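**Student:** Quick one: structure below, then a few questions.
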Amino acid sequence: METPPLCEYRYHDGFEVTEQMLNDFKEQGYIIIRNLLDQEELQKVIKTVDGSDAITKHAYNHGIDEKGRKFDRVLWSHPGHDVTGMVARSEKVAGTCEKLLGGEVYHYHSKLMMKPAKNGGTKPWHQDYGYWYFNGCLYPDMMTVFIPIDPCKKENGCLQILVGSHKCGRVEHKPDGREINADMKRVNDIKKICPLIYVEMDPGDAVLFHSNILHASDGNMSDTRRWAFLCVYNRATNNPTIEHHHPRYTPLYKVPNSAIKECTNYTDMTGKDIMSPKSLDNTISNINFVLAKTTSLTLKIHIISSKQIVLRNLIPSRDKSRQNGYQDKATADSFRLV
Ligand SMILES: O=C(O)CCC(=O)C(=O)O
Ligand SMILES: [Fe+2]
């Protein structure tokens, strides 16, 4: 299968979402916008995420891969009023997503994905909607804007995408022994028809992708860490039916792009509602975090309410009739947590 040309564009003064961009997003499931943030904006974002511990003090291990490598993240519900919040509220980020999704969006969450150098973990194949479906989001009218903080290249585990795979619909997600991710048999079949691309980007570039696109990233054994800032949006018309750990419809106060440069708040994270993975009985970050903390395949997961969990048996089954290998009521419940 030939690698298709990238659906890539460059940000410039007077940037507009074109018919071609809409068509690429619809048909291929993603677009890349080079230089979405200019140098000045990017430096402000870097100062906010890396100039103090205001954000990184909330980091937790998002998963340990089969080679023991780790991947940390910080996740927050609302944009807040610091520089990262201005980016998430900006016309060029949020407004572009509104055009691509065809209507008003709200901020579903943002996150800093911190893949360390030398020992950075993988993110296995998944669709974001593979998780968000279980949060009561009835439509896959959701998307992510992935903005590298560091160069994201093949060597340090950049994002990989199966082009056009969003058209395959929601793929089953199930525990792979470590985490809950897409059914690899299905992914391998999809790989035969949807070309795999490595989305190599420089800091300030962005890839905007549909919630049903299959994506993954490799481990990082290189000397360069791979951090990225991701903003996630949901259509206002897709208010989740379930109260869960990400926000239901909350109007997004958008700002002009100039607000990014005008913002001088690098440290006050008030209003972001940053997740604390330490409080299992309040907002648990996600099931992959829980899985990462356990050493055994025998897990106990119980959801007492949308805000309280304990572990219930998720036992690998030897029973051939349960080909998934897991008892699945708990699996379905646990998806709500991602
Ligand atoms: O940062 C990455 O490599 C992938 C992150 C991702 O896909 C996610 O958090 O859903
Ligand atoms: Fe993802």
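Ordering of the structure tokens sets the chain letters (A, B, ...), residue numbers begin anew at 1 in every chain, and ligands are numbered from 1 in the order given.
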If you run DSSP over the backbone, which residues in range 2-204 of chain A end up alpha helix (DSSP H)? Put them as a compact mmCIF listing (two decimals) with N, CA and C atoms, in the first residue's frame.

**Tutor:**
# COMPACT_ATOMS: atom_id res chain seq x y z
N GLU A 19 -12.51 24.46 2.11
CA GLU A 19 -13.27 23.27 1.68
C GLU A 19 -12.36 22.05 1.64
N GLN A 20 -11.12 22.28 1.20
CA GLN A 20 -10.15 21.17 1.10
C GLN A 20 -9.84 20.59 2.50
N MET A 21 -9.70 21.48 3.47
CA MET A 21 -9.45 21.01 4.85
C MET A 21 -10.65 20.23 5.37
N LEU A 22 -11.84 20.77 5.13
CA LEU A 22 -13.07 20.08 5.58
C LEU A 22 -13.15 18.70 4.94
N ASN A 23 -12.80 18.67 3.66
CA ASN A 23 -12.88 17.41 2.93
C ASN A 23 -11.83 16.41 3.45
N ASP A 24 -10.62 16.90 3.72
CA ASP A 24 -9.58 16.01 4.26
C ASP A 24 -10.01 15.46 5.62
N PHE A 25 -10.55 16.33 6.45
CA PHE A 25 -10.96 15.87 7.79
C PHE A 25 -12.06 14.82 7.66
N LYS A 26 -12.97 15.07 6.74
CA LYS A 26 -14.09 14.13 6.56
C LYS A 26 -13.61 12.79 5.97
N GLU A 27 -12.75 12.88 4.98
CA GLU A 27 -12.36 11.66 4.25
C GLU A 27 -11.17 10.94 4.89
N GLN A 28 -10.20 11.71 5.37
CA GLN A 28 -8.97 11.08 5.89
C GLN A 28 -8.95 11.04 7.42
N GLN A 39 6.36 31.25 17.11
CA GLN A 39 7.44 31.08 18.10
C GLN A 39 7.11 31.73 19.43
N GLU A 40 6.55 32.94 19.37
CA GLU A 40 6.26 33.67 20.62
C GLU A 40 5.18 32.92 21.42
N GLU A 41 4.14 32.47 20.72
CA GLU A 41 3.07 31.73 21.40
C GLU A 41 3.60 30.42 21.97
N LEU A 42 4.42 29.75 21.17
CA LEU A 42 4.97 28.47 21.60
C LEU A 42 5.83 28.65 22.86
N GLN A 43 6.68 29.68 22.86
CA GLN A 43 7.54 29.90 24.03
C GLN A 43 6.71 30.15 25.28
N LYS A 44 5.57 30.81 25.11
CA LYS A 44 4.69 31.06 26.26
C LYS A 44 4.08 29.75 26.76
N VAL A 45 3.71 28.90 25.83
CA VAL A 45 3.15 27.60 26.23
C VAL A 45 4.22 26.78 26.96
N ILE A 46 5.43 26.78 26.40
CA ILE A 46 6.53 26.02 27.02
C ILE A 46 6.80 26.54 28.43
N LYS A 47 6.80 27.88 28.57
CA LYS A 47 7.02 28.47 29.90
C LYS A 47 5.93 28.00 30.88
N THR A 48 4.71 27.87 30.38
CA THR A 48 3.61 27.48 31.26
C THR A 48 3.70 26.01 31.66
N VAL A 49 4.02 25.15 30.71
CA VAL A 49 4.02 23.72 31.06
C VAL A 49 5.35 23.25 31.65
N ASP A 50 6.42 24.03 31.39
CA ASP A 50 7.74 23.52 31.77
C ASP A 50 8.57 24.53 32.56
N VAL A 83 -1.88 30.51 30.00
CA VAL A 83 -1.58 30.50 28.56
C VAL A 83 -2.18 29.27 27.86
N THR A 84 -2.07 28.10 28.50
CA THR A 84 -2.62 26.90 27.84
C THR A 84 -4.14 27.04 27.68
N GLY A 85 -4.76 27.73 28.64
CA GLY A 85 -6.21 27.97 28.54
C GLY A 85 -6.57 28.88 27.38
N MET A 86 -5.71 29.89 27.17
CA MET A 86 -5.96 30.81 26.04
C MET A 86 -5.81 30.07 24.71
N VAL A 87 -4.85 29.17 24.66
CA VAL A 87 -4.69 28.36 23.43
C VAL A 87 -5.95 27.53 23.22
N ALA A 88 -6.41 26.87 24.29
CA ALA A 88 -7.58 25.99 24.16
C ALA A 88 -8.85 26.75 23.82
N ARG A 89 -8.88 28.05 24.20
CA ARG A 89 -10.07 28.86 23.91
C ARG A 89 -9.94 29.62 22.59
N THR A 96 -11.33 26.47 14.92
CA THR A 96 -11.07 25.55 13.81
C THR A 96 -11.81 24.23 14.05
N CYS A 97 -11.81 23.76 15.30
CA CYS A 97 -12.53 22.51 15.60
C CYS A 97 -14.03 22.69 15.36
N GLU A 98 -14.57 23.86 15.67
CA GLU A 98 -16.01 24.09 15.41
C GLU A 98 -16.31 23.95 13.93
N LYS A 99 -15.40 24.47 13.12
CA LYS A 99 -15.64 24.38 11.67
C LYS A 99 -15.52 22.93 11.22
N LEU A 100 -14.53 22.22 11.74
CA LEU A 100 -14.33 20.83 11.30
C LEU A 100 -15.45 19.92 11.78
N LEU A 101 -15.99 20.21 12.98
CA LEU A 101 -17.06 19.35 13.50
C LEU A 101 -18.45 19.86 13.12
N ASP A 128 -9.99 7.39 20.41
CA ASP A 128 -10.40 8.10 21.62
C ASP A 128 -11.88 7.85 21.91
N TYR A 129 -12.66 7.73 20.84
CA TYR A 129 -14.10 7.45 21.05
C TYR A 129 -14.32 6.03 21.58
N GLY A 130 -13.31 5.18 21.40
CA GLY A 130 -13.38 3.84 22.00
C GLY A 130 -13.57 3.93 23.51
N TYR A 131 -13.05 5.00 24.09
CA TYR A 131 -13.25 5.24 25.53
C TYR A 131 -14.45 6.15 25.78
N TRP A 132 -14.54 7.24 25.02
CA TRP A 132 -15.53 8.27 25.33
C TRP A 132 -16.96 7.80 25.07
N MET A 184 -6.78 -5.80 18.69
CA MET A 184 -5.68 -5.80 17.72
C MET A 184 -5.97 -6.63 16.47
N LYS A 185 -6.85 -7.60 16.61
CA LYS A 185 -7.19 -8.36 15.40
C LYS A 185 -7.86 -7.43 14.40
N ARG A 186 -8.79 -6.64 14.91
CA ARG A 186 -9.49 -5.67 14.05
C ARG A 186 -8.52 -4.62 13.51
N VAL A 187 -7.66 -4.12 14.39
CA VAL A 187 -6.69 -3.10 13.97
C VAL A 187 -5.81 -3.67 12.84
N ASN A 188 -5.38 -4.91 13.00
CA ASN A 188 -4.50 -5.49 11.97
C ASN A 188 -5.22 -5.63 10.64
N ASP A 189 -6.52 -5.93 10.68
CA ASP A 189 -7.29 -5.97 9.43
C ASP A 189 -7.40 -4.56 8.84
N ILE A 190 -7.66 -3.59 9.70
CA ILE A 190 -7.81 -2.21 9.21
C ILE A 190 -6.48 -1.71 8.63
N LYS A 191 -5.38 -2.16 9.23
CA LYS A 191 -4.05 -1.76 8.71
C LYS A 191 -3.86 -2.17 7.25

**Student:** Taking only C-alpha atoms and all ligand atoms into account, report as a PyMOL selection string which residues have an atom no farther than 7 Å from an atom of ligand 1.

**Tutor:** chain A and resi 113+123+128+157-159+215-217+228

**Student:** Of the residues A:Tyr266, A:Trp227, A:Tyr9, A:Tyr249, which is the one nearest to Val74 in chain A, using only C-alpha atoms?

**Tutor:**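 So, comparing all the options, the nearest one is A:Trp227.
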
**Student:** Could you name the residues that touch Asp273 in chain A at 7 Å or less, counting only C-alpha atoms, but leaving out those on the same chain fewer than 3 positions away, as a list in words?

**Tutor:** Trp76, Ser77 and His78 of chain A

**Student:** Considering only C-alpha atoms, return as a list in words whatever protein or nucleic-acid residues lie within 7 Å of range 237-240 of chain A, sequence-local ones (same chain, fewer than 4 positions apart) excluded.

**Tutor:**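 Selected residues are Asn135, Gly136, Cys137, Leu138, Tyr139, Asp141, Arg248 and Tyr249 of chain A.
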
**Student:** Keeping only N, CA and C atoms, write those residues as a compact mmCIF listing (two decimals), in the first residue's frame.

**Tutor:**
# COMPACT_ATOMS: atom_id res chain seq x y z
N ASN A 135 -18.55 7.07 28.12
CA ASN A 135 -18.86 8.22 28.98
C ASN A 135 -20.22 8.80 28.64
N GLY A 136 -20.98 8.11 27.79
CA GLY A 136 -22.31 8.60 27.43
C GLY A 136 -22.29 9.64 26.31
N CYS A 137 -21.22 9.68 25.55
CA CYS A 137 -21.19 10.56 24.36
C CYS A 137 -21.80 9.74 23.23
N LEU A 138 -22.96 10.16 22.76
CA LEU A 138 -23.71 9.30 21.83
C LEU A 138 -23.20 9.38 20.40
N TYR A 139 -22.64 10.51 20.05
CA TYR A 139 -22.05 10.67 18.70
C TYR A 139 -20.52 10.77 18.82
N ASP A 141 -18.82 12.94 17.65
CA ASP A 141 -18.57 14.33 17.21
C ASP A 141 -17.56 14.99 18.14
N ARG A 248 -19.58 17.62 31.34
CA ARG A 248 -20.71 17.65 30.41
C ARG A 248 -20.74 19.06 29.82
N TYR A 249 -21.74 19.33 28.98
CA TYR A 249 -21.72 20.60 28.24
C TYR A 249 -21.49 21.80 29.17

**Student:** Go through A:His210, A:His244, A:Arg178, A:His126 and flag the residue nearest ligand 2, using only C-alpha atoms and all ligand atoms for the distances.

**Tutor:**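 Selected residue with least distance to ligand 2: A:His126.
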